[in-house]
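Shown next, in structure tokens, is the structure this report addresses.
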Amino acid sequence: GAVVSQHPSRVICKSGTSVKIECRSLDFQATTMFWYRQFPKQSLMLMATSNEGSKATYEQGVEKDKFLINHASLTLSTLTVTSAHPEDSSFYICSAPRGAAETQYFGPGTRLLVL
Amino acid sequence: SQQGEEDPQALSIQEGENATMNCSYKTSINNLQWYRQNSGRGLVHLILIRSNEREKHSGRLRVTLDTSKKSSSLLITASRAADTASYFCATGVAGGYQKVTFGIGTKLQVIP
């Protein structure tokens with residue numbers, strides 16, 4: 001089946017630094033990828049839709065200048081959390097639909113802890 | 001607010017028993033999907049049911065969809081300890097790539 005990877009799986013950083021998270025589709029091309037955030041014991045909240053070759057579409061309430069998304073190629077999307085603060089600590093998950101598939105393939109997630 | 005709301009939020013059963021989880025949603029959908037998430041991990045797609053379908057089976061999983069009530073149920077038969085996980089329903093709307101909205105999830109614990 002389709003595989004989506006994320007890197008790193010876990011990151012700890014100091015407040016004020018920026019953190020980049022990569023999402024890769026390993027055996028298929030994805031012109032669209034989705035970024036979610038999940039707080040402990042809560043559901044996944046869609047943050048933004050990453051579009052290859054164009055700007056990302058952000059959900060209401062998500063600061064685009066804080067969460068920079070770059071869909072550099074058909075297999076890679078990156079999420080950069082800029083000037084991270086402790087409240088940005090969360091589990092970030094990406095997903096990608098394969099072709100015209102209705103289902104999405106999810107990455108294993110990245111746990112971010114901002115001290 | 002969440003499009004999907006699962007019920008119950010937590011469920012604890014003995015191995016071998018059946019587990020039923022429900023999901024309600026608010027708006028019209030193209031399909032409804034169920035996912036599973038082991039603690040601290042990514043999501044695994046379990047099953048998708050389209051709005052024109054009423055029931056679907058996959059192994060020990062049975063999903064029903066009632067669009068008139070805007071609800072769905074996931075039944076796991078003969079549960080195993082390995083089924084312990086959180087289960088989420090997600091609704092997909094028509095048009096382009098699926099933008100799914102997740103419910104809050106049901107945390108299932110299967111006791112060996």
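Note on naming: chains are A, B, ... as they come in the structure tokens, residues start from 1 per chain, ligands start from 1 in the order shown.
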
- Task: Would you mind listing what lies within 8 Å of Met21 in chain B as an NGL selection string, with only C-alpha atoms counted and same-chain residues fewer than 3 positions away left out?
- Result: :B and (6-8 or 73-75 or 106)

How about saving the chosen residues, C-alpha atoms kept, as a tab-separated table (two decimals), in the first residue's frame?
chain	number	residue	atom	x	y	z
B	6	GLU	CA	-18.17	9.61	18.20
B	7	ASP	CA	-20.05	7.91	20.93
B	8	PRO	CA	-19.03	6.59	23.37
B	73	SER	CA	-21.74	2.87	13.40
B	74	LEU	CA	-18.63	0.73	13.47
B	75	LEU	CA	-18.93	-2.79	14.82
B	106	THR	CA	-13.69	6.61	20.72

- Message: Taking only C-alpha atoms into account and nothing else, which residues of chain A lie no more than 12 Å away from chain B? Please answer as number ranges by chain.
- Response: A: 1-6, 9-10, 30-51, 57, 59, 90-112

- Message: Between CA of Lys64 in chain A and CA of Leu79 in chain A, what is the distance in Å, rounded to a tenth?
- Response: 10.5 Å

- Message: DSSP on the backbone: which residues in range 5-70 of chain B end up as strand (DSSP E)? Give the answer as a ChimeraX atom specification.
- Response: /B:5-7,10-14,19-24,31-37,43-50,55-58,61-66

- Å distance separating CA of Arg36 in chain B from CA of His57 in chain B, one decimal place: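 Atom-to-atom, CA of Arg36 in chain B to CA of His57 in chain B, that is 15.9 Å.
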
- Task: Return the single residue from B:Ser68, B:Ser28, B:Ser51, B:Asn38 that is closest to Leu108 in chain B, with distances computed using only C-alpha atoms.
- Result: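 Checking each candidate against Leu108 in chain B, we get B:Asn38 as the closest.
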
- Task: Write out as a list in words the residues lying within 9 Å of Leu68 in chain A, counting only C-alpha atoms and excluding same-chain residues fewer than 4 positions away.
- Result: Lys20, Ala56, Glu63, Lys64, Thr78, Leu79, Thr80, Val81 and Thr82 of chain A

Can I get the selected residues back with all heavy atoms, as a PDB file, in the first residue's frame?
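Written file, out.pdb:
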ATOM      1  N   LYS A  20      11.307  22.477  11.384  1.00  0.00           N
ATOM      2  CA  LYS A  20      10.794  22.039  10.097  1.00  0.00           C
ATOM      3  C   LYS A  20      10.433  20.564  10.161  1.00  0.00           C
ATOM      4  O   LYS A  20      11.226  19.738  10.611  1.00  0.00           O
ATOM      5  CB  LYS A  20      11.828  22.257   8.997  1.00  0.00           C
ATOM      6  CG  LYS A  20      11.335  21.813   7.614  1.00  0.00           C
ATOM      7  CD  LYS A  20      12.417  21.904   6.555  1.00  0.00           C
ATOM      8  CE  LYS A  20      12.652  23.332   6.134  1.00  0.00           C
ATOM      9  NZ  LYS A  20      13.568  23.422   4.967  1.00  0.00           N
ATOM     10  N   ALA A  56      -0.307  27.276  -0.066  1.00  0.00           N
ATOM     11  CA  ALA A  56      -1.130  26.412   0.778  1.00  0.00           C
ATOM     12  C   ALA A  56      -2.428  27.125   1.133  1.00  0.00           C
ATOM     13  O   ALA A  56      -2.499  28.361   1.156  1.00  0.00           O
ATOM     14  CB  ALA A  56      -0.367  26.038   2.039  1.00  0.00           C
ATOM     15  N   GLU A  63      -2.535  30.474  11.718  1.00  0.00           N
ATOM     16  CA  GLU A  63      -1.698  31.582  11.254  1.00  0.00           C
ATOM     17  C   GLU A  63      -0.730  31.114  10.182  1.00  0.00           C
ATOM     18  O   GLU A  63       0.183  30.322  10.445  1.00  0.00           O
ATOM     19  CB  GLU A  63      -0.912  32.149  12.432  1.00  0.00           C
ATOM     20  CG  GLU A  63      -1.769  32.706  13.555  1.00  0.00           C
ATOM     21  CD  GLU A  63      -0.900  33.125  14.737  1.00  0.00           C
ATOM     22  OE1 GLU A  63      -0.041  34.009  14.541  1.00  0.00           O
ATOM     23  OE2 GLU A  63      -1.069  32.570  15.838  1.00  0.00           O
ATOM     24  N   LYS A  64      -0.885  31.609   8.992  1.00  0.00           N
ATOM     25  CA  LYS A  64      -0.037  31.162   7.890  1.00  0.00           C
ATOM     26  C   LYS A  64       1.400  31.641   8.036  1.00  0.00           C
ATOM     27  O   LYS A  64       2.328  31.012   7.516  1.00  0.00           O
ATOM     28  CB  LYS A  64      -0.600  31.608   6.541  1.00  0.00           C
ATOM     29  CG  LYS A  64      -0.754  33.100   6.385  1.00  0.00           C
ATOM     30  CD  LYS A  64      -1.368  33.403   5.017  1.00  0.00           C
ATOM     31  CE  LYS A  64      -1.533  34.899   4.817  1.00  0.00           C
ATOM     32  NZ  LYS A  64      -2.157  35.214   3.497  1.00  0.00           N
ATOM     33  N   THR A  78       6.676  20.405   3.358  1.00  0.00           N
ATOM     34  CA  THR A  78       7.278  20.712   4.651  1.00  0.00           C
ATOM     35  C   THR A  78       6.410  21.704   5.407  1.00  0.00           C
ATOM     36  O   THR A  78       5.797  22.595   4.824  1.00  0.00           O
ATOM     37  CB  THR A  78       8.698  21.303   4.497  1.00  0.00           C
ATOM     38  OG1 THR A  78       8.621  22.510   3.734  1.00  0.00           O
ATOM     39  CG2 THR A  78       9.625  20.313   3.809  1.00  0.00           C
ATOM     40  N   LEU A  79       6.381  21.516   6.704  1.00  0.00           N
ATOM     41  CA  LEU A  79       5.686  22.419   7.622  1.00  0.00           C
ATOM     42  C   LEU A  79       6.742  22.991   8.552  1.00  0.00           C
ATOM     43  O   LEU A  79       7.442  22.233   9.221  1.00  0.00           O
ATOM     44  CB  LEU A  79       4.630  21.667   8.421  1.00  0.00           C
ATOM     45  CG  LEU A  79       4.016  22.410   9.618  1.00  0.00           C
ATOM     46  CD1 LEU A  79       3.166  23.584   9.150  1.00  0.00           C
ATOM     47  CD2 LEU A  79       3.168  21.459  10.470  1.00  0.00           C
ATOM     48  N   THR A  80       6.882  24.288   8.555  1.00  0.00           N
ATOM     49  CA  THR A  80       7.826  24.939   9.457  1.00  0.00           C
ATOM     50  C   THR A  80       7.060  25.717  10.510  1.00  0.00           C
ATOM     51  O   THR A  80       6.274  26.610  10.174  1.00  0.00           O
ATOM     52  CB  THR A  80       8.769  25.885   8.696  1.00  0.00           C
ATOM     53  OG1 THR A  80       9.488  25.140   7.705  1.00  0.00           O
ATOM     54  CG2 THR A  80       9.769  26.531   9.646  1.00  0.00           C
ATOM     55  N   VAL A  81       7.279  25.347  11.750  1.00  0.00           N
ATOM     56  CA  VAL A  81       6.695  26.079  12.870  1.00  0.00           C
ATOM     57  C   VAL A  81       7.691  27.164  13.248  1.00  0.00           C
ATOM     58  O   VAL A  81       8.785  26.869  13.737  1.00  0.00           O
ATOM     59  CB  VAL A  81       6.424  25.153  14.066  1.00  0.00           C
ATOM     60  CG1 VAL A  81       5.750  25.922  15.194  1.00  0.00           C
ATOM     61  CG2 VAL A  81       5.574  23.959  13.638  1.00  0.00           C
ATOM     62  N   THR A  82       7.356  28.404  12.976  1.00  0.00           N
ATOM     63  CA  THR A  82       8.295  29.494  13.214  1.00  0.00           C
ATOM     64  C   THR A  82       8.110  30.071  14.615  1.00  0.00           C
ATOM     65  O   THR A  82       6.985  30.107  15.148  1.00  0.00           O
ATOM     66  CB  THR A  82       8.103  30.614  12.186  1.00  0.00           C
ATOM     67  OG1 THR A  82       6.773  31.142  12.329  1.00  0.00           O
ATOM     68  CG2 THR A  82       8.275  30.090  10.773  1.00  0.00           C
TER      69      THR A  82
END

- Skip Ser18 in chain A itself and residues of its chain fewer than 3 positions away, then list as an MDAnalysis selection string all residues within 12 Å of it, counting only C-alpha atoms. chainID A and resid 11:15 21 65:68 79:85 88 112:114

- Message: Which residues are close to Pro112 in chain B, i.e. within 7 Å by only C-alpha atoms, leaving aside same-chain residues fewer than 3 positions away? Reply as a ChimeraX atom specification.
- Response: /B:14-15,81

Could you write those residues out with C-alpha atoms, as a PDB file, in the first residue's frame?
ATOM      1  CA  GLN B  14     -13.407  -8.141  27.310  1.00  0.00           C
ATOM      2  CA  GLU B  15     -11.567  -9.920  24.549  1.00  0.00           C
ATOM      3  CA  ALA B  81      -6.427  -7.113  22.626  1.00  0.00           C
TER       4      ALA B  81
END

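CA of Arg60 in chain B is positioned 11.8 Å from CA of Thr20 in chain B.
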
- Spatial neighbours of Gly16 in chain B, max dist 8 Å, only C-alpha atoms, sep filter under 5 positions, as a ChimeraX atom specification: /B:77-80

Can I get the selected residues back with N, CA and C atoms, as a PDB file, in the first residue's frame?
ATOM      1  N   THR B  77     -16.314  -7.176  15.599  1.00  0.00           N
ATOM      2  CA  THR B  77     -16.749  -8.438  16.190  1.00  0.00           C
ATOM      3  C   THR B  77     -15.549  -9.220  16.729  1.00  0.00           C
ATOM      4  N   ALA B  78     -15.825 -10.047  17.720  1.00  0.00           N
ATOM      5  CA  ALA B  78     -14.809 -10.918  18.303  1.00  0.00           C
ATOM      6  C   ALA B  78     -13.530 -10.139  18.573  1.00  0.00           C
ATOM      7  N   SER B  79     -13.640  -9.125  19.391  1.00  0.00           N
ATOM      8  CA  SER B  79     -12.522  -8.202  19.601  1.00  0.00           C
ATOM      9  C   SER B  79     -11.287  -8.918  20.161  1.00  0.00           C
ATOM     10  N   ARG B  80     -10.137  -8.322  19.856  1.00  0.00           N
ATOM     11  CA  ARG B  80      -8.850  -8.833  20.321  1.00  0.00           C
ATOM     12  C   ARG B  80      -8.123  -7.725  21.066  1.00  0.00           C
TER      13      ARG B  80
END

- Message: Please list as an NGL selection string every residue within 9 Å of Ala72 in chain A, counting only C-alpha atoms and excluding residues in the same chain fewer than 3 positions away.
- Response: :A and (52-53 or 75-78)
